[in-house]
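Data from run_5.cif: mmCIF, C-alpha atoms
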```
data_run
#
loop_
_atom_site.label_atom_id
_atom_site.label_comp_id
_atom_site.auth_asym_id
_atom_site.auth_seq_id
_atom_site.Cartn_x
_atom_site.Cartn_y
_atom_site.Cartn_z
CA MET H 1 -17.20 1.16 2.30
CA LYS H 2 -15.07 2.16 -0.63
CA ILE H 3 -11.43 1.37 -1.42
CA GLU H 4 -9.75 2.86 -4.48
CA VAL H 5 -6.22 3.00 -5.85
CA SER H 6 -6.00 5.38 -8.79
CA ASP H 7 -3.50 7.11 -11.04
CA ASN H 8 -5.95 9.96 -11.59
CA PRO H 9 -5.44 13.26 -9.73
CA LEU H 10 -7.09 13.11 -6.30
CA ASN H 11 -9.24 15.91 -4.91
CA PRO H 12 -10.04 14.53 -1.44
CA TRP H 13 -12.68 17.16 -0.64
CA GLU H 14 -14.65 16.48 -3.83
CA GLU H 15 -14.36 12.75 -3.17
CA LEU H 16 -15.68 13.18 0.37
CA GLN H 17 -18.56 15.33 -0.80
CA ARG H 18 -19.43 12.89 -3.58
CA TYR H 19 -19.32 9.93 -1.19
CA GLU H 20 -21.50 11.61 1.42
CA GLN H 21 -23.99 12.88 -1.16
CA ALA H 22 -24.36 9.37 -2.56
CA GLN H 23 -25.69 8.46 0.90
CA ILE H 24 -24.12 5.06 0.76
CA GLY H 25 -24.75 2.55 3.53
CA ALA H 26 -25.10 3.96 7.04
CA LEU H 27 -24.23 7.54 6.18
CA ASN H 28 -27.88 8.49 5.84
CA SER H 29 -29.08 6.56 8.88
CA GLY H 30 -29.04 9.40 11.42
CA LYS H 31 -26.51 7.46 13.48
CA VAL H 32 -23.44 9.41 12.37
CA GLY H 33 -22.06 11.69 15.06
CA ALA H 34 -18.44 12.00 13.94
CA VAL H 35 -16.37 11.98 10.77
CA ALA H 36 -12.58 11.90 10.96
CA THR H 37 -10.49 12.43 7.85
CA PHE H 38 -6.80 12.30 7.07
CA VAL H 39 -5.28 13.67 3.88
CA GLY H 40 -1.62 13.03 3.13
CA THR H 41 0.02 15.31 0.59
CA MET H 42 3.39 15.38 -1.12
CA ARG H 43 6.18 17.47 0.44
CA ASP H 44 8.87 19.18 -1.64
CA PHE H 45 11.61 18.04 0.77
CA ASN H 46 12.76 14.79 2.36
CA GLU H 47 15.89 13.70 4.22
CA GLY H 48 17.41 17.16 3.73
CA ASP H 49 16.96 17.23 -0.06
CA GLY H 50 14.60 19.14 -2.32
CA VAL H 51 12.10 16.84 -4.05
CA THR H 52 10.45 17.85 -7.33
CA GLY H 53 8.30 14.80 -8.03
CA MET H 54 7.40 11.29 -7.03
CA GLU H 55 6.49 7.98 -8.66
CA LEU H 56 4.17 5.82 -6.59
CA GLU H 57 4.01 2.12 -7.39
CA HIS H 58 1.71 -0.58 -6.00
CA TYR H 59 0.99 -4.29 -6.28
CA PRO H 60 -2.32 -4.39 -8.16
CA GLY H 61 -4.71 -6.71 -6.38
CA MET H 62 -2.70 -7.19 -3.20
CA THR H 63 -2.77 -3.49 -2.37
CA GLU H 64 -6.52 -3.13 -2.80
CA ASN H 65 -7.15 -6.37 -0.89
CA HIS H 66 -5.01 -5.24 2.04
CA LEU H 67 -6.67 -1.83 2.19
CA GLN H 68 -10.03 -3.60 2.24
CA GLN H 69 -8.87 -5.94 5.03
CA LEU H 70 -7.60 -3.00 7.10
CA ALA H 71 -10.84 -1.07 6.64
CA GLU H 72 -12.87 -4.13 7.67
CA GLU H 73 -10.62 -4.67 10.71
CA ALA H 74 -11.06 -1.04 11.79
CA THR H 75 -14.82 -1.27 11.21
CA ASP H 76 -15.02 -4.32 13.46
CA LYS H 77 -12.72 -2.93 16.16
CA TRP H 78 -14.31 0.52 16.46
CA GLY H 79 -17.83 -0.20 15.24
CA LEU H 80 -17.48 2.22 12.34
CA LEU H 81 -20.53 3.14 10.30
CA ASP H 82 -18.48 3.54 7.13
CA ALA H 83 -14.93 3.96 5.81
CA LEU H 84 -13.39 5.42 2.65
CA ILE H 85 -9.79 5.04 1.49
CA ILE H 86 -8.44 6.50 -1.75
CA HIS H 87 -4.73 6.27 -2.55
CA ARG H 88 -2.84 7.71 -5.50
CA VAL H 89 -0.30 5.88 -7.63
CA GLY H 90 1.66 7.13 -10.63
CA ARG H 91 3.39 10.48 -11.02
CA LEU H 92 2.86 13.11 -8.30
CA LEU H 93 4.05 16.67 -7.79
CA PRO H 94 4.56 18.60 -4.54
CA ASN H 95 1.24 19.58 -2.91
CA ASP H 96 -0.63 16.76 -4.68
CA PRO H 97 -2.84 14.76 -2.32
CA ILE H 98 -1.52 11.19 -1.95
CA VAL H 99 -4.09 9.57 0.31
CA LEU H 100 -7.53 10.14 1.80
CA VAL H 101 -8.75 8.14 4.80
CA ALA H 102 -12.22 8.97 6.12
CA VAL H 103 -14.21 7.13 8.77
CA TRP H 104 -17.70 7.65 10.14
CA SER H 105 -18.88 6.68 13.64
CA SER H 106 -21.48 7.65 16.22
CA HIS H 107 -18.95 9.24 18.57
CA ARG H 108 -15.65 11.08 18.05
CA LYS H 109 -13.45 8.68 20.05
CA GLU H 110 -14.01 5.86 17.58
CA SER H 111 -13.49 8.06 14.51
CA PHE H 112 -10.29 9.66 15.79
CA GLU H 113 -8.76 6.37 16.86
CA ALA H 114 -9.81 4.39 13.80
CA CYS H 115 -8.61 7.06 11.34
CA ARG H 116 -5.21 7.21 13.04
CA TRP H 117 -4.90 3.45 13.23
CA LEU H 118 -5.94 2.99 9.59
CA MET H 119 -3.37 5.49 8.38
CA GLU H 120 -0.54 3.91 10.36
CA ALA H 121 -1.60 0.39 9.34
CA LEU H 122 -1.79 1.46 5.68
CA LYS H 123 1.73 2.86 5.84
CA SER H 124 3.20 -0.27 7.38
CA LYS H 125 1.22 -2.98 5.54
CA ALA H 126 -0.21 -1.86 2.19
CA PRO H 127 2.23 -2.54 -0.67
CA PHE H 128 3.03 0.91 -2.04
CA TRP H 129 6.50 2.21 -2.88
CA LYS H 130 7.66 5.78 -3.44
CA LYS H 131 10.45 6.89 -5.71
CA GLU H 132 11.52 10.50 -5.31
CA ILE H 133 12.85 12.73 -8.07
CA LEU H 134 15.31 15.16 -6.48
CA GLU H 135 16.16 18.74 -7.40
CA SER H 136 19.53 17.45 -8.59
CA GLY H 137 17.75 15.33 -11.20
CA ASP H 138 18.68 12.09 -9.43
CA SER H 139 16.01 9.71 -8.21
CA ARG H 140 15.91 7.45 -5.17
CA TRP H 141 13.53 4.96 -3.58
CA VAL H 142 12.15 5.94 -0.19
CA GLU H 143 13.45 3.22 2.11
CA LYS H 144 11.28 3.75 5.16
CA ASN H 145 8.44 5.87 6.44
CA THR H 146 8.85 8.51 9.12
CA ALA H 147 7.50 7.53 12.53
CA GLY H 148 3.80 8.34 12.94
CA TYR H 149 3.70 8.27 16.74
CA MET K 1 5.79 -27.39 -10.71
CA THR K 2 5.47 -23.91 -12.16
CA VAL K 3 5.45 -20.76 -10.01
CA SER K 4 4.97 -17.16 -11.09
CA VAL K 5 7.43 -14.72 -9.52
CA LYS K 6 7.07 -10.93 -9.22
CA PHE K 7 9.54 -8.24 -8.16
CA PHE K 8 8.54 -4.69 -7.21
CA ALA K 9 10.09 -1.24 -6.79
CA SER K 10 13.84 -1.08 -6.06
CA LEU K 11 14.10 -4.86 -6.14
CA ARG K 12 12.63 -4.93 -9.66
CA GLU K 13 15.32 -2.49 -10.75
CA GLN K 14 18.06 -4.54 -9.05
CA MET K 15 16.84 -7.73 -10.69
CA GLY K 16 16.42 -6.05 -14.08
CA CYS K 17 12.92 -7.50 -14.62
CA ASP K 18 9.47 -7.43 -13.04
CA GLY K 19 9.20 -11.17 -12.67
CA ALA K 20 9.79 -14.63 -14.03
CA THR K 21 8.24 -18.04 -14.38
CA VAL K 22 10.11 -20.61 -12.31
CA GLU K 23 10.12 -24.36 -12.90
CA ILE K 24 11.04 -26.18 -9.69
CA GLY K 25 10.55 -29.55 -7.95
CA GLU K 26 7.28 -30.38 -6.24
CA VAL K 27 8.57 -29.46 -2.76
CA ALA K 28 9.86 -25.91 -2.49
CA THR K 29 9.81 -22.95 -0.13
CA VAL K 30 9.73 -19.24 -0.89
CA ALA K 31 13.49 -19.18 -0.25
CA ASP K 32 13.98 -21.91 -2.88
CA ILE K 33 11.93 -19.87 -5.36
CA TRP K 34 14.10 -16.82 -4.65
CA LEU K 35 17.33 -18.74 -5.29
CA GLN K 36 16.08 -20.03 -8.60
CA ALA K 37 14.52 -16.76 -9.76
CA SER K 38 17.55 -14.70 -8.77
CA GLY K 39 20.18 -17.07 -10.13
CA GLY K 40 21.52 -17.83 -6.65
CA LYS K 41 21.85 -14.29 -5.31
CA ALA K 42 21.61 -13.65 -1.58
CA MET K 43 18.25 -12.13 -0.66
CA PRO K 44 18.72 -8.49 0.36
CA PRO K 45 17.89 -7.76 4.01
CA ASN K 46 14.38 -6.54 4.88
CA ILE K 47 12.81 -8.02 1.76
CA LEU K 48 9.12 -8.82 2.22
CA VAL K 49 7.52 -11.85 0.60
CA SER K 50 4.01 -12.91 -0.30
CA ILE K 51 2.27 -15.98 -1.69
CA ASN K 52 -0.88 -15.30 -3.71
CA GLN K 53 -0.88 -11.70 -2.46
CA GLU K 54 -0.80 -12.57 1.26
CA TYR K 55 2.30 -11.86 3.35
CA CYS K 56 4.27 -14.98 4.27
CA GLY K 57 7.66 -16.13 5.53
CA THR K 58 10.63 -17.25 3.43
CA ASN K 59 10.33 -20.80 4.79
CA ASP K 60 6.69 -21.17 3.82
CA PRO K 61 5.91 -23.88 1.25
CA VAL K 62 4.88 -22.98 -2.28
CA SER K 63 2.38 -24.86 -4.43
CA SER K 64 2.13 -25.21 -8.18
CA GLY K 65 0.50 -22.21 -9.79
CA ASP K 66 1.25 -19.89 -6.87
CA GLU K 67 2.19 -16.24 -7.38
CA VAL K 68 5.23 -15.43 -5.23
CA ALA K 69 6.28 -11.79 -4.83
CA PHE K 70 9.43 -10.21 -3.41
CA PHE K 71 9.56 -6.52 -2.54
CA PRO K 72 11.25 -3.94 -0.29
CA PRO K 73 9.63 -2.40 2.81
CA VAL K 74 6.45 -0.55 1.89
CA THR K 75 6.35 3.26 1.91
CA GLY K 76 2.81 4.32 1.05
CA GLY K 77 0.60 6.97 2.57
#
```

What is this structure when it is put down as structure tokens?
Amino acid sequence: MKIEVSDNPLNPWEELQRYEQAQIGALNSGKVGAVATFVGTMRDFNEGDGVTGMELEHYPGMTENHLQQLAEEATDKWGLLDALIIHRVGRLLPNDPIVLVAVWSSHRKESFEACRWLMEALKSKAPFWKKEILESGDSRWVEKNTAGY
Amino acid sequence: MTVSVKFFASLREQMGCDGATVEIGEVATVADIWLQASGGKAMPPNILVSINQEYCGTNDPVSSGDEVAFFPPVTGG
């Protein structure tokens, strides 16, 4: 299991490849039958306005601990073989990947459900905050997430 | 006792600082810490609170040396 919060640019596909090639934990056990991934990227619009950039803030320590707790909870609930969460902070531009959630299980049901649950739980519980820079030059804090279901 | 206070995101901007060190009596709740750290301001609605990086309620008791954080609803992902 790996949890990372980083202000470095995120290439989720390279991260996935690197993680799988490292053959960490159960990934090389022959038991993996399904991998589900979610990648969230930055839009250039929100609430009817054009958005040119974003500042993502977190609570160092608490954020990582909560992501770890959520990943462990999902692992217990769905019997996951492994989980990977990487989340960006700092300055982002439209199209930049914000978050990668990947889970490995023996069967697809567990991977699909756990990946979805982890993403929704992350959005409602992990302390991150987004500030948008608008086309007008103004900035505003995002006050709530869009509904996931 | 001494308690470390942190503010994040829009609340940090409203408060004009990212935190404070609060000196308060030996029996205090998170709400008491807020009043002292904010200079008696009303707590904005929907504010989330944590003690030592775990979510808690505003009526929860605080101990000396605790880290108490106040922040708006989270918007990650």

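Comparing the minimum interatomic distances between chain H and each of K:Ala9, K:Ala42, K:Val49, K:Val68, counting only C-alpha atoms, we find that K:Ala9 sits nearest.
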
Residue among K:Asp60, K:Glu54, K:Glu23, K:Asp66 lying closest to chain H, counting all atoms listed in the file: K:Glu54

Would you mind listing, for every residue of chain K within 12 Å of stretch 84-95 of chain H, the two atoms forming the shortest contact and the distance between them in Å to one decimal, using only C-alpha atoms, sorted by chain and ascending residue number, as a tab-separated table?
```
residue	atom	partner	partner_atom	distance
K:Thr75	CA	H:Val89	CA	11.9
K:Gly76	CA	H:His87	CA	8.6
K:Gly77	CA	H:His87	CA	7.4
```

Report as a Markdown table: every residue of chain H with an atom at most 8 Å from chain K, its closest pair of atoms, and their distance in Å to one decimal, counting only C-alpha atoms, with rows sorted by chain and ascending residue number.
```
| residue | atom | partner | partner_atom | distance |
| --- | --- | --- | --- | --- |
| H:Gly40 | CA | K:Gly77 | CA | 6.5 |
| H:Leu56 | CA | K:Gly76 | CA | 7.9 |
| H:Glu57 | CA | K:Ala9 | CA | 7.0 |
| H:Tyr59 | CA | K:Phe8 | CA | 7.6 |
| H:Gly61 | CA | K:Gln53 | CA | 7.4 |
| H:Met62 | CA | K:Gln53 | CA | 4.9 |
| H:His87 | CA | K:Gly77 | CA | 7.4 |
| H:Ile98 | CA | K:Gly77 | CA | 6.5 |
| H:Val99 | CA | K:Gly77 | CA | 5.8 |
| H:Met119 | CA | K:Gly77 | CA | 7.2 |
| H:Leu122 | CA | K:Gly77 | CA | 6.8 |
| H:Lys123 | CA | K:Gly76 | CA | 5.1 |
| H:Ser124 | CA | K:Val74 | CA | 6.4 |
| H:Lys125 | CA | K:Val74 | CA | 6.8 |
| H:Ala126 | CA | K:Val74 | CA | 6.8 |
| H:Pro127 | CA | K:Val74 | CA | 5.3 |
| H:Phe128 | CA | K:Gly76 | CA | 4.6 |
| H:Trp129 | CA | K:Thr75 | CA | 4.9 |
| H:Lys130 | CA | K:Thr75 | CA | 6.1 |
| H:Trp141 | CA | K:Ser10 | CA | 6.5 |
| H:Val142 | CA | K:Thr75 | CA | 6.7 |
| H:Glu143 | CA | K:Pro73 | CA | 6.8 |
| H:Lys144 | CA | K:Thr75 | CA | 5.9 |
| H:Asn145 | CA | K:Thr75 | CA | 5.6 |
```

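Proximity of H:Leu80, H:Ala71, H:Ala147, H:Leu134 to H:Gly48, computed with all atoms listed in the file, is greatest for H:Leu134.
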
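Between atom CA of K:Ile33 and atom CA of K:Val3 lies a distance of 8.0 Å.
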
Local residues around (7.9, -31.8, -10.5), at most 10 Å away, using only C-alpha atoms, as an NGL selection string: :K and (1-2 or 23-27 or 64)

Local residues around (5.2, -22.1, -0.4), at most 7 Å away, using only C-alpha atoms, as a ChimeraX atom specification: /K:28-30,51,60-63

Give me a file of those residues, with C-alpha atoms, as a PDB file, in the coordinates of the input.
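Output contents, as saved in part-v9.pdb:
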```pdb
ATOM      1  CA  ALA K  28       9.860 -25.910  -2.490  1.00  0.00           C
ATOM      2  CA  THR K  29       9.810 -22.950  -0.130  1.00  0.00           C
ATOM      3  CA  VAL K  30       9.730 -19.240  -0.890  1.00  0.00           C
ATOM      4  CA  ILE K  51       2.270 -15.980  -1.690  1.00  0.00           C
ATOM      5  CA  ASP K  60       6.690 -21.170   3.820  1.00  0.00           C
ATOM      6  CA  PRO K  61       5.910 -23.880   1.250  1.00  0.00           C
ATOM      7  CA  VAL K  62       4.880 -22.980  -2.280  1.00  0.00           C
ATOM      8  CA  SER K  63       2.380 -24.860  -4.430  1.00  0.00           C
TER       9      SER K  63
END
```

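Here atom CA of H:Asn65 and atom CA of H:Lys109 stand 26.5 Å from one another.
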
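If you measure from each of H:Pro9, H:Glu110, H:Ala74, H:Asp138 to H:Thr41 using only C-alpha atoms, the closest one turns out to be H:Pro9.
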
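Between atom CA of H:Ile3 and atom CA of H:Arg116 there is a distance of 16.8 Å.
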
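Every protein or nucleic acid residue with an atom no more than 12 Å from stretch 17-23 of chain H, counting all atoms listed in the file and leaving out same-chain residues fewer than 3 positions away, appears here: H:Met1, H:Lys2, H:Ile3, H:Asn11, H:Pro12, H:Trp13, H:Glu14, H:Ala26, H:Leu27, H:Asn28, H:Ser29, H:Gly30, H:Val32, H:Val35, H:Leu81, H:Asp82, H:Ala83, H:Leu84, H:Ile85, H:Ile86, H:Ala102, H:Val103, H:Trp104.
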
Write out, as a tab-separated table (two decimals), keeping the file's coordinate frame, the residues just selected, with C-alpha atoms.
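Written out: again25.tsv:
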```
chain	number	residue	atom	x	y	z
H	1	MET	CA	-17.20	1.16	2.30
H	2	LYS	CA	-15.07	2.16	-0.63
H	3	ILE	CA	-11.43	1.37	-1.42
H	11	ASN	CA	-9.24	15.91	-4.91
H	12	PRO	CA	-10.04	14.53	-1.44
H	13	TRP	CA	-12.68	17.16	-0.64
H	14	GLU	CA	-14.65	16.48	-3.83
H	26	ALA	CA	-25.10	3.96	7.04
H	27	LEU	CA	-24.23	7.54	6.18
H	28	ASN	CA	-27.88	8.49	5.84
H	29	SER	CA	-29.08	6.56	8.88
H	30	GLY	CA	-29.04	9.40	11.42
H	32	VAL	CA	-23.44	9.41	12.37
H	35	VAL	CA	-16.37	11.98	10.77
H	81	LEU	CA	-20.53	3.14	10.30
H	82	ASP	CA	-18.48	3.54	7.13
H	83	ALA	CA	-14.93	3.96	5.81
H	84	LEU	CA	-13.39	5.42	2.65
H	85	ILE	CA	-9.79	5.04	1.49
H	86	ILE	CA	-8.44	6.50	-1.75
H	102	ALA	CA	-12.22	8.97	6.12
H	103	VAL	CA	-14.21	7.13	8.77
H	104	TRP	CA	-17.70	7.65	10.14
```

Pick from H:Ser105, H:Tyr149, H:Val5, H:Ser136 nearest to H:Gly33, counting all atoms listed in the file: H:Ser105

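Distance annotation: of H:Glu113, H:Asp44, H:Glu72, H:Leu118, the residue with the minimal separation from H:Leu100 is H:Leu118; atom set is all atoms listed in the file.
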